[in-house]
file query09.pdb (PDB, C-alpha atoms)
ATOM      1  CA  MET A  13     -36.443  17.906 -32.143  1.00  0.00           C
ATOM      2  CA  ASP A  14     -33.524  18.460 -34.493  1.00  0.00           C
ATOM      3  CA  LEU A  15     -32.277  14.915 -33.878  1.00  0.00           C
ATOM      4  CA  ILE A  16     -35.672  13.506 -34.844  1.00  0.00           C
ATOM      5  CA  VAL A  17     -35.771  15.551 -38.066  1.00  0.00           C
ATOM      6  CA  LEU A  18     -32.230  14.467 -38.968  1.00  0.00           C
ATOM      7  CA  LEU A  19     -32.978  10.792 -38.279  1.00  0.00           C
ATOM      8  CA  VAL A  20     -36.217  10.924 -40.290  1.00  0.00           C
ATOM      9  CA  LEU A  21     -34.426  12.496 -43.264  1.00  0.00           C
ATOM     10  CA  ILE A  22     -31.691   9.880 -43.187  1.00  0.00           C
ATOM     11  CA  ALA A  23     -34.233   7.053 -42.734  1.00  0.00           C
ATOM     12  CA  ILE A  24     -36.230   8.245 -45.750  1.00  0.00           C
ATOM     13  CA  VAL A  25     -33.097   8.289 -47.890  1.00  0.00           C
ATOM     14  CA  ILE A  26     -32.119   4.794 -46.750  1.00  0.00           C
ATOM     15  CA  ILE A  27     -35.626   3.384 -47.282  1.00  0.00           C
ATOM     16  CA  VAL A  28     -36.138   4.991 -50.687  1.00  0.00           C
ATOM     17  CA  PHE A  29     -32.704   4.407 -52.195  1.00  0.00           C
ATOM     18  CA  ARG A  30     -31.451   1.411 -50.158  1.00  0.00           C
ATOM     19  CA  ASP A  31     -27.856   2.288 -50.917  1.00  0.00           C
ATOM     20  CA  SER A  32     -25.007   3.252 -48.616  1.00  0.00           C
ATOM     21  CA  LYS A  33     -23.720   5.711 -51.206  1.00  0.00           C
ATOM     22  CA  CYS A  34     -26.997   7.637 -50.987  1.00  0.00           C
ATOM     23  CA  PHE A  35     -26.689   7.736 -47.201  1.00  0.00           C
ATOM     24  CA  ILE A  36     -23.203   9.234 -47.495  1.00  0.00           C
ATOM     25  CA  TYR A  37     -24.361  11.795 -50.065  1.00  0.00           C
ATOM     26  CA  CYS A  38     -27.374  12.682 -47.889  1.00  0.00           C
ATOM     27  CA  LEU A  39     -25.118  13.208 -44.886  1.00  0.00           C
ATOM     28  CA  GLY A  40     -22.859  15.468 -46.943  1.00  0.00           C
ATOM     29  CA  ILE A  41     -25.784  17.452 -48.342  1.00  0.00           C
ATOM     30  CA  ILE A  42     -27.266  18.020 -44.893  1.00  0.00           C
ATOM     31  CA  GLU A  43     -23.893  19.071 -43.455  1.00  0.00           C
ATOM     32  CA  ILE A  44     -23.230  21.499 -46.320  1.00  0.00           C
ATOM     33  CA  PHE A  45     -26.740  22.937 -45.886  1.00  0.00           C
ATOM     34  CA  PHE A  46     -26.153  23.470 -42.155  1.00  0.00           C
ATOM     35  CA  HIS A  47     -22.829  25.206 -42.813  1.00  0.00           C
ATOM     36  CA  ALA A  48     -24.320  27.411 -45.548  1.00  0.00           C
ATOM     37  CA  MET A  49     -27.216  28.463 -43.338  1.00  0.00           C
ATOM     38  CA  ASN A  50     -24.823  29.184 -40.466  1.00  0.00           C
ATOM     39  CA  TYR A  51     -22.729  31.357 -42.774  1.00  0.00           C
ATOM     40  CA  ILE A  52     -25.842  33.212 -43.934  1.00  0.00           C
ATOM     41  CA  ALA A  53     -26.952  33.764 -40.341  1.00  0.00           C
ATOM     42  CA  ASN A  54     -23.557  35.209 -39.420  1.00  0.00           C
ATOM     43  CA  HIS A  55     -23.161  37.448 -42.475  1.00  0.00           C
ATOM     44  CA  ILE A  56     -26.638  38.541 -43.584  1.00  0.00           C
ATOM     45  CA  GLY A  57     -26.873  41.610 -41.379  1.00  0.00           C
ATOM     46  CA  VAL A  58     -30.610  41.187 -40.655  1.00  0.00           C
ATOM     47  CA  ALA A  59     -31.002  40.374 -36.981  1.00  0.00           C
ATOM     48  CA  GLU A  60     -34.443  38.756 -37.255  1.00  0.00           C
ATOM     49  CA  ILE A  61     -33.402  36.301 -39.962  1.00  0.00           C
ATOM     50  CA  SER A  62     -30.150  35.523 -38.170  1.00  0.00           C
ATOM     51  CA  ARG A  63     -32.021  34.820 -34.949  1.00  0.00           C
ATOM     52  CA  VAL A  64     -34.478  32.451 -36.677  1.00  0.00           C
ATOM     53  CA  ILE A  65     -31.703  30.561 -38.463  1.00  0.00           C
ATOM     54  CA  THR A  66     -29.559  30.162 -35.358  1.00  0.00           C
ATOM     55  CA  LYS A  67     -32.574  29.100 -33.293  1.00  0.00           C
ATOM     56  CA  TYR A  68     -33.965  26.430 -35.631  1.00  0.00           C
ATOM     57  CA  ILE A  69     -31.015  25.246 -37.726  1.00  0.00           C
ATOM     58  CA  PRO A  70     -27.944  23.762 -36.015  1.00  0.00           C
ATOM     59  CA  SER A  71     -24.508  24.697 -37.275  1.00  0.00           C
ATOM     60  CA  SER A  72     -23.403  21.095 -37.849  1.00  0.00           C
ATOM     61  CA  ILE A  73     -24.454  17.486 -37.462  1.00  0.00           C
ATOM     62  CA  LEU A  74     -21.809  17.179 -34.763  1.00  0.00           C
ATOM     63  CA  VAL A  75     -23.666  19.840 -32.757  1.00  0.00           C
ATOM     64  CA  ILE A  76     -26.771  17.639 -32.861  1.00  0.00           C
ATOM     65  CA  ILE A  77     -24.760  14.613 -31.800  1.00  0.00           C
ATOM     66  CA  ASP A  78     -23.169  16.643 -28.988  1.00  0.00           C
ATOM     67  CA  ARG A  79     -26.592  17.620 -27.628  1.00  0.00           C
ATOM     68  CA  TYR A  80     -27.729  14.022 -27.238  1.00  0.00           C
ATOM     69  CA  ALA A  81     -24.526  12.081 -26.572  1.00  0.00           C
ATOM     70  CA  ASP A  82     -21.514  12.655 -24.388  1.00  0.00           C
ATOM     71  CA  GLY A  83     -18.273  10.992 -23.446  1.00  0.00           C
ATOM     72  CA  LEU A  84     -17.341   7.819 -25.274  1.00  0.00           C
ATOM     73  CA  LEU A  85     -20.614   7.656 -27.213  1.00  0.00           C
ATOM     74  CA  TYR A  86     -19.965  11.129 -28.648  1.00  0.00           C
ATOM     75  CA  ASP A  87     -16.412  10.128 -29.602  1.00  0.00           C
ATOM     76  CA  ILE A  88     -17.663   7.033 -31.417  1.00  0.00           C
ATOM     77  CA  PHE A  89     -20.328   8.976 -33.339  1.00  0.00           C
ATOM     78  CA  ALA A  90     -17.881  11.775 -34.142  1.00  0.00           C
ATOM     79  CA  TRP A  91     -15.345   9.329 -35.571  1.00  0.00           C
ATOM     80  CA  LEU A  92     -18.079   7.576 -37.567  1.00  0.00           C
ATOM     81  CA  PHE A  93     -19.074  10.988 -38.895  1.00  0.00           C
ATOM     82  CA  VAL A  94     -15.484  11.729 -39.906  1.00  0.00           C
ATOM     83  CA  PHE A  95     -15.231   8.301 -41.557  1.00  0.00           C
ATOM     84  CA  CYS A  96     -18.422   9.034 -43.530  1.00  0.00           C
ATOM     85  CA  PHE A  97     -16.870  12.246 -44.791  1.00  0.00           C
ATOM     86  CA  PHE A  98     -13.736  10.401 -45.893  1.00  0.00           C
ATOM     87  CA  VAL A  99     -16.001   8.034 -47.822  1.00  0.00           C
ATOM     88  CA  LEU A 100     -17.798  11.052 -49.319  1.00  0.00           C
ATOM     89  CA  ASP A 101     -14.433  12.488 -50.372  1.00  0.00           C
ATOM     90  CA  TYR A 102     -13.566   9.149 -51.953  1.00  0.00           C
ATOM     91  CA  TYR A 103     -16.809   9.142 -53.969  1.00  0.00           C
ATOM     92  CA  LEU A 104     -16.332  12.751 -55.056  1.00  0.00           C
ATOM     93  CA  ILE A 105     -12.706  12.233 -56.093  1.00  0.00           C
ATOM     94  CA  LYS A 106     -13.639   9.018 -57.909  1.00  0.00           C
ATOM     95  CA  TYR A 107     -16.416  10.855 -59.764  1.00  0.00           C
ATOM     96  CA  PHE A 108     -14.126  13.794 -60.562  1.00  0.00           C
ATOM     97  CA  PHE A 109     -11.460  11.638 -62.198  1.00  0.00           C
ATOM     98  CA  HIS A 110     -13.824   9.251 -64.001  1.00  0.00           C
ATOM     99  CA  ARG A 111     -16.109  11.791 -65.640  1.00  0.00           C
ATOM    100  CA  LYS A 112     -15.916  12.279 -69.373  1.00  0.00           C
TER     101      LYS A 112
END

call {"tool": "encode", "arguments": {"input": "query09.pdb", "output": "structure tokens"}}
result
Amino acid sequence: MDLIVLLVLIAIVIIVFRDSKCFIYCLGIIEIFFHAMNYIANHIGVAEISRVITKYIPSSILVIIDRYADGLLYDIFAWLFVFCFFVLDYYLIKYFFHRK
């Protein structure tokens, strides 16, 4: 189910914006959201909320990829994911140094 939600979110971004930069930003936003929710689940101190977050929200996009792919296919997707984050870093650094 989480793979379907992730793919639908990414497809909507691609269809609406039709730009690879938006895809990279969307991927980064989703990954940061997953990490923030995982941190909240681990440090909130309320067992019910932590249980709901850990049950319905994965800790990373790589966890989703790991659930549905294995072996060489996982390695390819993982390296593509890492490449996307290098591109995201490039865009963020470019924006940081070219802002006024």

call {"tool": "closest_atom_pairs", "arguments": {"input": "query09.pdb", "of": "range 44-97 of chain A", "to": "range 15-34 of chain A", "cutoff": "12 Å", "atoms": "all atoms listed in the file", "output": "CSV"}}
result
residue,atom,partner,partner_atom,distance
A:Phe46,CA,A:Leu18,CA,11.3
A:Tyr68,CA,A:Val17,CA,11.3
A:Ile69,CA,A:Val17,CA,10.8
A:Pro70,CA,A:Leu15,CA,10.1
A:Ser72,CA,A:Leu18,CA,11.1
A:Ile73,CA,A:Leu18,CA,8.5
A:Leu74,CA,A:Leu15,CA,10.7
A:Val75,CA,A:Leu15,CA,10.0
A:Ile76,CA,A:Leu15,CA,6.2
A:Ile77,CA,A:Leu15,CA,7.8
A:Asp78,CA,A:Leu15,CA,10.5
A:Arg79,CA,A:Leu15,CA,8.9
A:Tyr80,CA,A:Leu15,CA,8.1
A:Ala81,CA,A:Leu15,CA,11.0
A:Cys96,CA,A:Lys33,CA,9.9
A:Phe97,CA,A:Lys33,CA,11.4

call {"tool": "residues_near_point", "arguments": {"input": "query09.pdb", "point": "(-27.3, 25.0, -42.5)", "cutoff": "10 Å", "atoms": "only C-alpha atoms", "output": "list in words"}}
result
Ile41, Ile42, Glu43, Ile44, Phe45, Phe46, His47, Ala48, Met49, Asn50, Tyr51, Ile52, Ala53, Ile65, Thr66, Tyr68, Ile69, Pro70, Ser71, Ser72 and Ile73 of chain A

call {"tool": "atom_distance", "arguments": {"input": "query09.pdb", "atom1": "CA of Phe109 in chain A", "atom2": "CA of Tyr37 in chain A"}}
result
17.7 Å

call {"tool": "closest_residue", "arguments": {"input": "query09.pdb", "among": "A:Leu100, A:Phe89, A:Arg111, A:Asn54", "to": "Leu39 in chain A", "atoms": "all atoms listed in the file"}}
result
A:Leu100

call {"tool": "atom_distance", "arguments": {"input": "query09.pdb", "atom1": "CA of Tyr107 in chain A", "atom2": "CA of Trp91 in chain A"}}
result
24.3 Å

call {"tool": "atom_distance", "arguments": {"input": "query09.pdb", "atom1": "CA of Asp82 in chain A", "atom2": "CA of Val94 in chain A"}}
result
16.7 Å

call {"tool": "closest_residue", "arguments": {"input": "query09.pdb", "among": "A:Ala90, A:Ile36, A:Ala59, A:Val64", "to": "Tyr103 in chain A", "atoms": "all atoms listed in the file"}}
result
A:Ile36

call {"tool": "build_atoms", "arguments": {"input": "query09.pdb", "residues": "range 57-70 of chain A", "atoms": "N, CA and C atoms", "output": "compact mmCIF listing (two decimals), in the coordinates of the input"}}
result
# COMPACT_ATOMS: atom_id res chain seq x y z
N GLY A 57 -26.68 40.25 -41.87
CA GLY A 57 -26.87 41.61 -41.38
C GLY A 57 -28.30 41.94 -40.98
N VAL A 58 -29.22 40.98 -41.09
CA VAL A 58 -30.61 41.19 -40.66
C VAL A 58 -30.80 40.36 -39.39
N ALA A 59 -30.99 41.04 -38.29
CA ALA A 59 -31.00 40.37 -36.98
C ALA A 59 -32.13 39.36 -36.85
N GLU A 60 -33.31 39.67 -37.39
CA GLU A 60 -34.44 38.76 -37.26
C GLU A 60 -34.19 37.44 -37.98
N ILE A 61 -33.68 37.52 -39.19
CA ILE A 61 -33.40 36.30 -39.96
C ILE A 61 -32.28 35.51 -39.30
N SER A 62 -31.26 36.20 -38.85
CA SER A 62 -30.15 35.52 -38.17
C SER A 62 -30.62 34.80 -36.92
N ARG A 63 -31.50 35.43 -36.17
CA ARG A 63 -32.02 34.82 -34.95
C ARG A 63 -32.84 33.56 -35.26
N VAL A 64 -33.66 33.61 -36.29
CA VAL A 64 -34.48 32.45 -36.68
C VAL A 64 -33.59 31.31 -37.14
N ILE A 65 -32.59 31.61 -37.95
CA ILE A 65 -31.70 30.56 -38.46
C ILE A 65 -30.92 29.92 -37.33
N THR A 66 -30.36 30.73 -36.44
CA THR A 66 -29.56 30.16 -35.36
C THR A 66 -30.42 29.42 -34.34
N LYS A 67 -31.69 29.78 -34.24
CA LYS A 67 -32.57 29.10 -33.29
C LYS A 67 -33.03 27.74 -33.81
N TYR A 68 -33.35 27.64 -35.10
CA TYR A 68 -33.97 26.43 -35.63
C TYR A 68 -33.04 25.54 -36.45
N ILE A 69 -31.92 26.04 -36.90
CA ILE A 69 -31.02 25.25 -37.73
C ILE A 69 -29.67 25.14 -37.01
N PRO A 70 -29.24 23.92 -36.69
CA PRO A 70 -27.94 23.76 -36.02
C PRO A 70 -26.80 24.08 -36.98
